Each structure stands twice: as C-alpha cells, then as structure tokens.
>>> print(open('coords_35.cif').read())   # mmCIF, C-alpha atoms
data_run
loop_
_atom_site.label_atom_id
_atom_site.label_comp_id
_atom_site.auth_asym_id
_atom_site.auth_seq_id
_atom_site.Cartn_x
_atom_site.Cartn_y
_atom_site.Cartn_z
CA MET A 1 -41.19 30.08 -92.37
CA SER A 2 -37.76 29.26 -90.93
CA VAL A 3 -34.90 28.52 -93.29
CA GLU A 4 -32.24 26.02 -92.27
CA PRO A 5 -28.67 27.26 -92.61
CA ALA A 6 -26.66 25.79 -95.44
CA LEU A 7 -24.21 23.08 -94.49
CA ASP A 8 -20.51 23.53 -95.15
CA HIS A 9 -19.47 20.59 -97.32
CA SER A 10 -15.82 21.58 -97.31
CA VAL A 11 -15.34 19.27 -94.34
CA SER A 12 -15.43 15.79 -95.84
CA HIS A 13 -16.62 13.92 -92.77
CA LEU A 14 -19.80 15.96 -92.53
CA SER A 15 -22.80 14.80 -94.51
CA LYS A 16 -26.09 16.39 -95.38
CA TYR A 17 -27.68 13.05 -94.44
CA ASP A 18 -26.76 13.28 -90.74
CA GLU A 19 -30.26 14.59 -90.00
CA VAL A 20 -32.54 11.56 -90.24
CA PRO A 21 -36.32 11.17 -89.88
CA GLN A 22 -37.95 10.08 -86.64
CA GLU A 23 -38.14 6.40 -87.57
CA LEU A 24 -34.35 6.23 -87.99
CA GLN A 25 -33.32 8.13 -84.89
CA ARG A 26 -33.15 5.05 -82.64
CA ALA A 27 -30.96 3.29 -85.20
CA MET A 28 -28.69 6.34 -85.42
CA LEU A 29 -28.42 6.42 -81.63
CA ARG A 30 -27.22 2.81 -81.65
CA LEU A 31 -24.78 3.57 -84.46
CA ASN A 32 -23.17 6.23 -82.28
CA PHE A 33 -22.14 3.48 -79.82
CA PRO A 34 -20.99 0.55 -82.01
CA SER A 35 -19.49 -1.41 -79.10
CA SER A 36 -23.00 -1.75 -77.67
CA TYR A 37 -23.80 -4.24 -80.45
CA VAL A 38 -21.35 -6.68 -78.82
CA VAL A 39 -23.37 -6.56 -75.59
CA VAL A 40 -26.68 -6.87 -77.44
CA GLY A 41 -25.37 -9.82 -79.45
CA ALA A 42 -24.37 -11.69 -76.29
CA TYR A 43 -27.72 -10.91 -74.67
CA ARG A 44 -29.65 -12.22 -77.65
CA LEU A 45 -27.61 -15.42 -77.86
CA PHE A 46 -28.17 -16.21 -74.19
CA THR A 47 -31.87 -15.33 -74.17
CA ASP A 48 -33.24 -16.06 -77.67
CA LYS A 49 -34.15 -19.73 -78.00
CA SER A 50 -34.26 -19.49 -81.79
CA LEU A 51 -30.54 -18.61 -81.70
CA TYR A 52 -28.90 -20.65 -78.96
CA VAL A 53 -30.75 -23.92 -79.61
CA PRO A 54 -29.57 -24.35 -83.25
CA VAL A 55 -26.03 -23.25 -82.28
CA TRP A 56 -25.81 -25.75 -79.42
CA ASN A 57 -27.32 -28.58 -81.47
CA LYS A 58 -24.67 -28.03 -84.14
CA CYS A 59 -21.71 -27.75 -81.75
CA ARG A 60 -22.53 -29.88 -78.71
CA ASN A 61 -20.84 -33.13 -79.82
CA GLY A 62 -17.61 -31.44 -80.82
CA ALA A 63 -17.69 -29.23 -77.74
CA ARG A 64 -18.02 -32.23 -75.42
CA ARG A 65 -15.13 -34.12 -77.03
CA GLY A 66 -13.00 -30.98 -77.03
CA LEU A 67 -13.74 -30.23 -73.36
CA ILE A 68 -12.83 -33.78 -72.32
CA CYS A 69 -9.52 -33.71 -74.21
CA GLY A 70 -8.80 -30.14 -73.10
CA PHE A 71 -9.42 -30.98 -69.47
CA ALA A 72 -7.10 -33.98 -69.69
CA TRP A 73 -4.39 -31.80 -71.25
CA MET A 74 -4.81 -29.14 -68.57
CA CYS A 75 -4.51 -31.68 -65.74
CA THR A 76 -1.36 -33.25 -67.15
CA SER A 77 0.52 -30.14 -68.31
CA TYR A 78 -0.46 -27.23 -66.07
CA ASN A 79 2.13 -27.69 -63.30
CA PHE A 80 4.94 -28.33 -65.77
CA GLN A 81 4.11 -25.23 -67.80
CA ARG A 82 3.76 -23.06 -64.70
CA ARG A 83 7.26 -24.00 -63.54
CA ILE A 84 8.70 -23.04 -66.93
CA ILE A 85 6.79 -19.75 -66.95
CA LYS A 86 7.96 -18.89 -63.44
CA ALA A 87 11.58 -19.55 -64.44
CA VAL A 88 11.18 -17.30 -67.50
CA LEU A 89 9.50 -14.47 -65.58
CA THR A 90 12.09 -14.47 -62.77
CA ASN A 91 15.06 -14.54 -65.15
CA PRO A 92 16.43 -10.97 -65.28
CA SER A 93 17.66 -11.43 -68.87
CA SER A 94 14.24 -12.51 -70.13
CA ILE A 95 12.20 -10.04 -72.20
CA PHE A 96 9.16 -11.27 -70.27
CA SER A 97 10.71 -10.47 -66.90
CA VAL A 98 8.42 -8.29 -64.78
CA ARG A 99 10.85 -7.52 -61.96
CA TYR A 100 10.50 -3.80 -62.66
CA ILE A 101 6.83 -3.89 -61.66
CA THR A 102 6.72 -6.97 -59.43
CA ARG A 103 8.60 -7.95 -56.27
CA PHE A 104 9.32 -11.67 -56.08
CA THR A 105 10.41 -13.58 -52.97
CA GLU A 106 12.29 -16.83 -52.81
CA THR A 107 9.45 -18.55 -50.97
CA ALA A 108 6.58 -17.07 -52.97
CA ASP A 109 3.62 -19.37 -53.29
CA ASP A 110 0.42 -18.96 -55.32
CA LEU A 111 -1.31 -16.78 -52.77
CA SER A 112 -0.26 -13.17 -52.35
CA HIS A 113 3.53 -13.13 -51.86
CA GLU A 114 3.80 -10.93 -54.96
CA THR A 115 2.75 -7.36 -55.55
CA LEU A 116 1.98 -5.41 -58.70
CA PHE A 117 2.51 -1.64 -58.58
CA GLY A 118 2.55 -2.01 -54.80
CA PHE A 119 -0.77 -3.90 -54.62
CA ARG A 120 -0.86 -7.41 -53.16
CA LEU A 121 -2.10 -10.03 -55.62
CA PRO A 122 -4.41 -12.96 -54.78
CA PHE A 123 -2.19 -15.21 -56.93
CA SER A 124 1.28 -15.17 -58.46
CA ILE A 125 1.90 -13.69 -61.88
CA SER A 126 3.34 -17.02 -63.04
CA THR A 127 0.00 -18.62 -62.13
CA TYR A 128 -1.89 -15.92 -64.04
CA VAL A 129 0.21 -16.38 -67.19
CA ALA A 130 0.02 -20.17 -66.93
CA ILE A 131 -3.77 -20.05 -66.71
CA LEU A 132 -3.94 -17.88 -69.83
CA LEU A 133 -1.48 -20.05 -71.76
CA VAL A 134 -3.10 -23.37 -70.86
CA GLY A 135 -6.51 -21.79 -71.44
CA SER A 136 -5.51 -20.77 -74.97
CA GLN A 137 -4.28 -24.33 -75.61
CA VAL A 138 -7.55 -25.81 -74.38
CA THR A 139 -9.40 -23.34 -76.61
CA SER A 140 -7.36 -24.52 -79.60
CA ILE A 141 -8.19 -28.15 -78.76
CA ILE A 142 -11.92 -27.42 -78.57
CA THR A 143 -11.72 -25.42 -81.82
CA PHE A 144 -10.07 -28.41 -83.51
CA PHE A 145 -12.98 -30.66 -82.56
CA LEU A 146 -15.61 -28.06 -83.48
CA ALA A 147 -13.91 -27.30 -86.79
CA ARG A 148 -16.50 -26.82 -89.54
CA ASN A 149 -19.54 -26.98 -87.26
CA ILE A 150 -18.85 -23.71 -85.47
CA ARG A 151 -18.43 -21.91 -88.80
CA ILE A 152 -21.84 -23.21 -89.86
CA ALA A 153 -23.30 -22.17 -86.49
CA ARG A 154 -21.96 -18.62 -86.91
CA GLN A 155 -23.47 -18.33 -90.38
CA ARG A 156 -26.81 -19.67 -89.15
CA ALA A 157 -26.74 -17.21 -86.26
CA TRP A 158 -26.22 -14.36 -88.77
CA ASP A 159 -29.05 -15.59 -91.03
CA GLN A 160 -31.45 -16.09 -88.13
CA THR A 161 -30.66 -12.64 -86.72
CA VAL A 162 -31.41 -11.00 -90.09
CA ALA A 163 -34.58 -13.09 -90.48
CA SER A 164 -35.73 -12.09 -86.99
CA ARG A 165 -35.66 -8.47 -88.15
CA GLY A 166 -38.15 -9.37 -90.88
CA LYS A 167 -35.68 -8.89 -93.72
CA GLY A 168 -34.93 -11.04 -96.74
CA PRO A 169 -32.10 -11.10 -99.29
CA ASP A 170 -33.62 -8.15 -101.17
CA PHE A 171 -33.06 -5.93 -98.10
CA TRP A 172 -29.36 -5.61 -98.97
CA GLN A 173 -29.08 -3.01 -101.73
CA PRO A 174 -26.05 -1.89 -103.76
CA TYR A 175 -23.52 0.31 -101.99
CA VAL A 176 -24.27 4.03 -101.82
CA GLU A 177 -21.55 6.53 -100.96
CA GLU A 178 -22.66 8.63 -97.99
CA TRP A 179 -19.84 11.16 -97.84
CA ASP A 180 -19.69 14.19 -100.09
CA LEU A 181 -15.89 13.84 -100.30
CA PRO A 182 -14.96 10.18 -99.73
CA PRO A 183 -11.54 9.48 -98.20
CA THR A 184 -8.69 8.22 -100.35
CA VAL A 185 -7.60 4.68 -99.54
CA ASN A 186 -4.26 3.09 -100.35
CA GLU A 187 -4.88 0.10 -102.62
CA ARG A 188 -1.41 -1.25 -101.81
CA TRP A 189 -2.36 -1.59 -98.15
CA GLY A 190 -5.50 -3.42 -99.23
CA ARG A 191 -3.44 -6.00 -101.13
CA LEU A 192 -1.10 -6.45 -98.16
CA ASP A 193 -4.13 -6.86 -95.89
CA ARG A 194 -5.50 -9.63 -98.10
CA ILE A 195 -2.11 -11.40 -98.04
CA PHE A 196 -1.89 -11.25 -94.24
CA LYS A 197 -5.39 -12.72 -93.99
CA MET A 198 -4.25 -15.95 -95.65
CA TRP A 199 -4.45 -18.82 -93.15
CA PHE A 200 -0.65 -19.23 -92.91
CA TRP A 201 -0.02 -15.58 -92.05
CA LYS A 202 -3.01 -15.50 -89.69
CA VAL A 203 -1.47 -18.37 -87.72
CA ILE A 204 1.90 -16.57 -87.62
CA ILE A 205 0.38 -13.28 -86.47
CA HIS A 206 -2.13 -14.68 -83.95
CA LYS A 207 -0.13 -17.56 -82.49
CA VAL A 208 3.48 -16.39 -82.79
CA ILE A 209 3.20 -12.62 -82.33
CA LEU A 210 -0.05 -11.75 -80.59
CA LEU A 211 -0.30 -14.78 -78.30
CA PRO A 212 2.92 -14.01 -76.37
CA LEU A 213 1.85 -10.36 -76.23
CA SER A 214 -1.55 -11.29 -74.78
CA LEU A 215 0.20 -13.33 -72.06
CA TYR A 216 2.05 -10.28 -70.78
CA PRO A 217 0.64 -9.68 -67.30
CA PHE A 218 -2.68 -7.78 -67.25
CA VAL A 219 -2.05 -5.18 -69.99
CA GLY A 220 -1.13 -7.63 -72.75
CA THR A 221 -4.69 -8.83 -73.28
CA PHE A 222 -5.90 -5.30 -73.97
CA ILE A 223 -2.98 -4.47 -76.26
CA ALA A 224 -3.52 -7.64 -78.31
CA ALA A 225 -7.25 -6.84 -78.62
CA ALA A 226 -6.42 -3.33 -79.82
CA PHE A 227 -4.14 -4.76 -82.54
CA LYS A 228 -6.84 -7.19 -83.69
CA GLY A 229 -9.76 -4.74 -83.42
CA VAL A 230 -10.24 -3.58 -87.01
CA SER A 231 -9.49 -6.97 -88.58
CA THR A 232 -11.93 -8.69 -86.19
CA ALA A 233 -14.73 -6.24 -87.01
CA GLN A 234 -14.00 -6.51 -90.73
CA ASP A 235 -14.16 -10.31 -90.60
CA LEU A 236 -17.46 -10.17 -88.69
CA HIS A 237 -18.92 -7.97 -91.44
CA LYS A 238 -17.85 -10.18 -94.34
CA PRO A 239 -21.44 -11.47 -94.82
CA TYR A 240 -22.65 -7.85 -94.98
CA PHE A 241 -20.14 -6.90 -97.66
CA ALA A 242 -20.92 -10.06 -99.61
CA ALA A 243 -24.69 -9.45 -99.43
CA LYS A 244 -24.21 -5.93 -100.84
CA LYS A 245 -21.76 -7.26 -103.49
CA MET A 246 -19.24 -4.60 -102.55
CA SER A 247 -15.89 -4.43 -104.33
CA PRO A 248 -12.63 -4.47 -102.31
CA HIS A 249 -12.28 -0.72 -102.96
CA GLN A 250 -15.80 -0.02 -101.69
CA GLU A 251 -15.12 -2.11 -98.58
CA ALA A 252 -11.92 -0.17 -97.92
CA VAL A 253 -13.68 3.20 -98.31
CA PHE A 254 -16.64 2.08 -96.19
CA ILE A 255 -14.35 0.96 -93.35
CA GLU A 256 -12.13 4.05 -93.62
CA GLU A 257 -15.17 6.30 -93.25
CA ARG A 258 -16.12 4.44 -90.07
CA LYS A 259 -12.67 3.44 -88.85
CA TRP A 260 -13.25 4.51 -85.25
CA ASP A 261 -16.56 2.66 -85.16
CA TYR A 262 -14.83 -0.47 -86.42
CA ARG A 263 -12.02 0.00 -83.91
CA MET A 264 -14.40 0.34 -80.97
CA PHE A 265 -16.60 -2.58 -82.01
CA GLY A 266 -13.62 -4.74 -82.96
CA PHE A 267 -11.71 -4.00 -79.75
CA VAL A 268 -14.55 -5.16 -77.49
CA ALA A 269 -15.29 -8.15 -79.76
CA ALA A 270 -11.62 -9.22 -79.88
CA LEU A 271 -11.29 -8.76 -76.11
CA LEU A 272 -14.19 -11.14 -75.46
CA GLU A 273 -13.13 -13.63 -78.14
CA GLY A 274 -9.66 -13.72 -76.59
CA LEU A 275 -10.97 -15.09 -73.30
CA PRO A 276 -9.96 -18.73 -72.75
CA VAL A 277 -12.65 -21.28 -73.70
CA VAL A 278 -15.67 -18.97 -73.23
CA GLY A 279 -14.30 -16.80 -76.03
CA LEU A 280 -15.64 -19.41 -78.48
CA ILE A 281 -19.15 -18.52 -77.36
CA PHE A 282 -18.48 -14.86 -78.07
CA THR A 283 -17.33 -15.69 -81.61
CA VAL A 284 -20.97 -16.63 -82.21
CA SER A 285 -22.59 -13.80 -80.23
CA ASN A 286 -20.34 -11.25 -81.94
CA ARG A 287 -21.65 -12.45 -85.29
CA ILE A 288 -25.17 -11.75 -84.01
CA GLY A 289 -24.13 -8.28 -82.86
CA ALA A 290 -22.43 -7.63 -86.21
CA ALA A 291 -25.64 -8.62 -88.02
CA MET A 292 -27.66 -6.16 -85.95
CA TRP A 293 -25.08 -3.45 -86.63
CA ALA A 294 -25.21 -4.24 -90.36
CA HIS A 295 -29.01 -3.99 -90.24
CA ASP A 296 -28.84 -0.43 -88.87
CA LEU A 297 -26.09 0.54 -91.32
CA GLU A 298 -28.22 -0.74 -94.18
CA LYS A 299 -31.23 1.26 -93.00
CA ARG A 300 -29.07 4.38 -93.24
CA GLN A 301 -27.91 3.29 -96.71
CA HIS A 302 -31.55 3.05 -97.79
CA TYR A 303 -32.22 6.53 -96.47
CA VAL A 304 -29.19 8.02 -98.25
CA ALA A 305 -30.10 6.27 -101.51
CA ALA A 306 -33.66 7.65 -101.32
CA GLN A 307 -32.40 11.16 -100.60
CA ARG A 308 -29.94 11.05 -103.48
CA GLN A 309 -32.65 9.82 -105.83
CA CYS A 310 -34.94 12.69 -104.78
CA THR A 311 -32.12 15.19 -105.26
CA THR A 312 -31.37 13.80 -108.73
CA SER A 313 -35.06 13.98 -109.69
CA VAL A 314 -35.34 17.59 -108.52
CA ILE A 315 -32.21 18.59 -110.46
CA GLY A 316 -33.50 16.80 -113.57
CA HIS A 317 -36.88 18.56 -113.40
CA SER A 318 -35.13 21.89 -112.82
CA ASN A 319 -32.89 21.44 -115.86
CA GLY A 320 -35.85 20.43 -118.01
CA PHE A 321 -37.77 23.54 -116.93
CA GLU A 322 -34.79 25.76 -117.87
CA VAL A 323 -34.63 24.16 -121.33
CA VAL A 324 -38.32 24.85 -121.92
CA GLN A 325 -37.91 28.47 -120.80
CA THR A 326 -35.08 29.05 -123.25
#
>>> encode(input="coords_35.cif", output="structure tokens")
Amino acid sequence: MSVEPALDHSVSHLSKYDEVPQELQRAMLRLNFPSSYVVVGAYRLFTDKSLYVPVWNKCRNGARRGLICGFAWMCTSYNFQRRIIKAVLTNPSSIFSVRYITRFTETADDLSHETLFGFRLPFSISTYVAILLVGSQVTSIITFFLARNIRIARQRAWDQTVASRGKGPDFWQPYVEEWDLPPTVNERWGRLDRIFKMWFWKVIIHKVILLPLSLYPFVGTFIAAAFKGVSTAQDLHKPYFAAKKMSPHQEAVFIEERKWDYRMFGFVAALLEGLPVVGLIFTVSNRIGAAMWAHDLEKRQHYVAAQRQCTTSVIGHSNGFEVVQT
C-alpha cells in the first residue's frame, strides 16, 4: 500500500486541501483561470434568455432615453472637443503631448498622416482621444438615466445565476480559513480602502485621476484597468461576502490569499467595463461571471470545512482513546 509523502506546511501558501476529489476537479480547473469567468459571464448574458430578458426589461426605457440624449450631445460637441484635444496634444509644454512617439504634420487630417512608433495610423490620435472622451461622457449620460434600474438588474442577474446552479440561500456557509498560515493584513489599509470607496472619493479617483489616464493614447486604457482591477473584483464579490456574513478582516484575508486571482479577474472586468457605452453591458455580465466564480469558491469552502471537521473528529477520537488507555 503506497504512502503519500507528508506535505511541508512551512510554506504558508501551500494547503493540504489542494488535492480535491474528482467531482471538484473541474471547478478547481476554472479557479486556476479566474479571468475566464468574465468571458463565461458575457456568454451567458448574451445567450441565456432567463438572464438577458429581465435585464433588458428593467433597463430598456432608461437606456433609450440615455442613448437619445447621448447621441445629441455627441453630435453637438464632438468637433469642438476634438479641436481642443488636438491643440493640447500638439502643445509641446502639455503633459499629454505625444510628440516623442508621434510625428504630426501641419496638414494632418483624420486619415493616416500620423504614425505611432513608426506605424501609420488609420486615424489621428486626437480623433482617438476625442472618441474615448465623448464616449465616456455618453456613458455617463446613459448611466444617469439608468440610475437605480441597472443596480437592480445587476442584483437580479446575480440571484438568477445562483438560482440556475440549483443553490439557495443555505448554500452560503460561514467562512472557513483554507490556509494553514493565513497572511497578515494591515487593518489601517482596510480603513483607508473603505474611505476611498465613499461616493465622493470614487468620483475623484475615477473621473479626475483615472479618466485622464485612460485617455492617454493606447496604453492608458490598460494602465487604468490595472489600477482598478482589485477594487472592481472586490465590488463584484460584495454579494458573496454579504451572503457568507464575512467580517471586514475575513474579507481582507480572503482577498489577500487570492490577490493575483482578484487582480487577473478585476483587470479583465475593468477593461471591458471601461469601454464606452458597451461597458455598461459588461457591468451586468461581470456580475454573472463573479457569481459563477463565487459558486466555485464556495464549493471549495464546503470541501475544506468537511475535511477540517473530519480531522477534528479523528483527533477527538484519538485523544479519547488515549485517556481510556491511561
């Protein structure tokens, strides 16, 4: 009879529960690629009638009004904003100037008189930045008209996704620590994080700091998504933490143990949500993907809880047998 080698628990990120039974192996495979849940969430929203019909019914009136007003704003302000952006980008003293990577000509039009890293562009960089800026403004207009309805649609999408997996409220069990040596988290950073998530500071960070960064030609969108990655993933999992009744400390430890998973998932989710107009659709599909991710995480929590209970029972029986022997 073969004997498995003992695991070295001196390395905190290794767990004796990494080896899972056959029925959990598919879930573990998905957990190894957390960004895949973003793709699956979008696929389910676009193909599952039980998901996209309630979402559209809740949002269609606001979306129509927002699109009409946004289109009117785009038609009246696009040319004016593009001229301003072109003046800013071509000003050598501007921090947004891209002369060091782009060659401008005095007669450049919107079609290929500019190059980036030596490659000819199909449009000018000023046009690219103007499209992103006006697109973000149109997105804000649509969001204003959707307001409360899209929040309700996201919550319904989460609930329907969980229900489609055949799970009820009792599926979410109390938090179980999976690591033998949990990481230490800084409670001070947790308090600062809660302060920065207040609506005022969120507006300052997203609209004043990250919006200009995302407008920087080509690379800015990816940099802004990287900055928002963890916070986006954490916000998408708020229903999961609430269902498990986790404390702020438990949430911080849980995220720290899976920080790279949250960064990968959050980066892709933030990248899609940052797209003009269509990003609003991904705010719903990402909630679906987050629910499916939470479902697999909870299945692992159930497995760890069962294993710990068995271990405790074995230790208790062993101690009782020793007492009887003495």
>>> closest_residue(input="coords_35.cif", among="A:Tyr52, A:Trp293, A:Trp260, A:Phe145", to="Leu67 of chain A", atoms="only C-alpha atoms")
A:Phe145
>>> residues_around(input="coords_35.cif", residues="segment 168-173 of chain A", least_positions_apart="2", cutoff="7 Å", atoms="only C-alpha atoms", output="VMD selection string")
chain A and resid 163 166 175 243 to 244 298
>>> write_last_selection(input="coords_35.cif", atoms="C-alpha atoms", output="PDB file, keeping the file's coordinate frame")
ATOM      1  CA  ALA A 163     -34.580 -13.090 -90.480  1.00  0.00           C
ATOM      2  CA  GLY A 166     -38.150  -9.370 -90.880  1.00  0.00           C
ATOM      3  CA  TYR A 175     -23.520   0.310-101.990  1.00  0.00           C
ATOM      4  CA  ALA A 243     -24.690  -9.450 -99.430  1.00  0.00           C
ATOM      5  CA  LYS A 244     -24.210  -5.930-100.840  1.00  0.00           C
ATOM      6  CA  GLU A 298     -28.220  -0.740 -94.180  1.00  0.00           C
TER       7      GLU A 298
END
>>> resolve_selection(input="coords_35.cif", expression="the PyMOL selection byres ((chain A and resi 303) around 12)", output="PyMOL selection string")
chain A and resi 16-25+27-28+173+176-178+296-302+304-310
>>> write_last_selection(input="coords_35.cif", atoms="C-alpha atoms", output="short mmCIF file (atom, residue, chain, number, x, y, z; two decimals), in the frame of the given file")
data_model
loop_
_atom_site.label_atom_id
_atom_site.label_comp_id
_atom_site.auth_asym_id
_atom_site.auth_seq_id
_atom_site.Cartn_x
_atom_site.Cartn_y
_atom_site.Cartn_z
CA LYS A 16 -26.09 16.39 -95.38
CA TYR A 17 -27.68 13.05 -94.44
CA ASP A 18 -26.76 13.28 -90.74
CA GLU A 19 -30.26 14.59 -90.00
CA VAL A 20 -32.54 11.56 -90.24
CA PRO A 21 -36.32 11.17 -89.88
CA GLN A 22 -37.95 10.08 -86.64
CA GLU A 23 -38.14 6.40 -87.57
CA LEU A 24 -34.35 6.23 -87.99
CA GLN A 25 -33.32 8.13 -84.89
CA ALA A 27 -30.96 3.29 -85.20
CA MET A 28 -28.69 6.34 -85.42
CA GLN A 173 -29.08 -3.01 -101.73
CA VAL A 176 -24.27 4.03 -101.82
CA GLU A 177 -21.55 6.53 -100.96
CA GLU A 178 -22.66 8.63 -97.99
CA ASP A 296 -28.84 -0.43 -88.87
CA LEU A 297 -26.09 0.54 -91.32
CA GLU A 298 -28.22 -0.74 -94.18
CA LYS A 299 -31.23 1.26 -93.00
CA ARG A 300 -29.07 4.38 -93.24
CA GLN A 301 -27.91 3.29 -96.71
CA HIS A 302 -31.55 3.05 -97.79
CA VAL A 304 -29.19 8.02 -98.25
CA ALA A 305 -30.10 6.27 -101.51
CA ALA A 306 -33.66 7.65 -101.32
CA GLN A 307 -32.40 11.16 -100.60
CA ARG A 308 -29.94 11.05 -103.48
CA GLN A 309 -32.65 9.82 -105.83
CA CYS A 310 -34.94 12.69 -104.78
#
>>> residues_around(input="coords_35.cif", residues="segment 34-50 of chain A", least_positions_apart="5", cutoff="12 Å", atoms="only C-alpha atoms", output="MDAnalysis selection string")
chainID A and resid 27:29 55:57 153:154 156:161 163:164 229 233 236 258:273 278:297
>>> atom_distance(input="coords_35.cif", atom1="atom CA of Ile68 of chain A", atom2="atom CA of Arg83 of chain A")
24.0 Å
>>> closest_residue(input="coords_35.cif", among="A:Arg65, A:Glu257, A:Lys228, A:Ile84", to="Phe144 of chain A", atoms="all atoms listed in the file")
A:Arg65
>>> atom_distance(input="coords_35.cif", atom1="atom CA of Ser136 of chain A", atom2="atom CA of Pro276 of chain A")
5.4 Å
>>> closest_residue(input="coords_35.cif", among="A:Thr127, A:Val277, A:Phe241, A:Thr311", to="Ser140 of chain A", atoms="all atoms listed in the file")
A:Val277
>>> closest_residue(input="coords_35.cif", among="A:Ile255, A:Pro248, A:Gly62, A:Pro239", to="Gln155 of chain A", atoms="all atoms listed in the file")
A:Pro239
>>> atom_distance(input="coords_35.cif", atom1="atom CA of Val129 of chain A", atom2="atom CA of Val219 of chain A")
11.8 Å
>>> resolve_selection(input="coords_35.cif", expression="the PyMOL selection byres ((chain A and resi 135) around 9)", output="PyMOL selection string")
chain A and resi 70+74+130-134+136-140+275-277
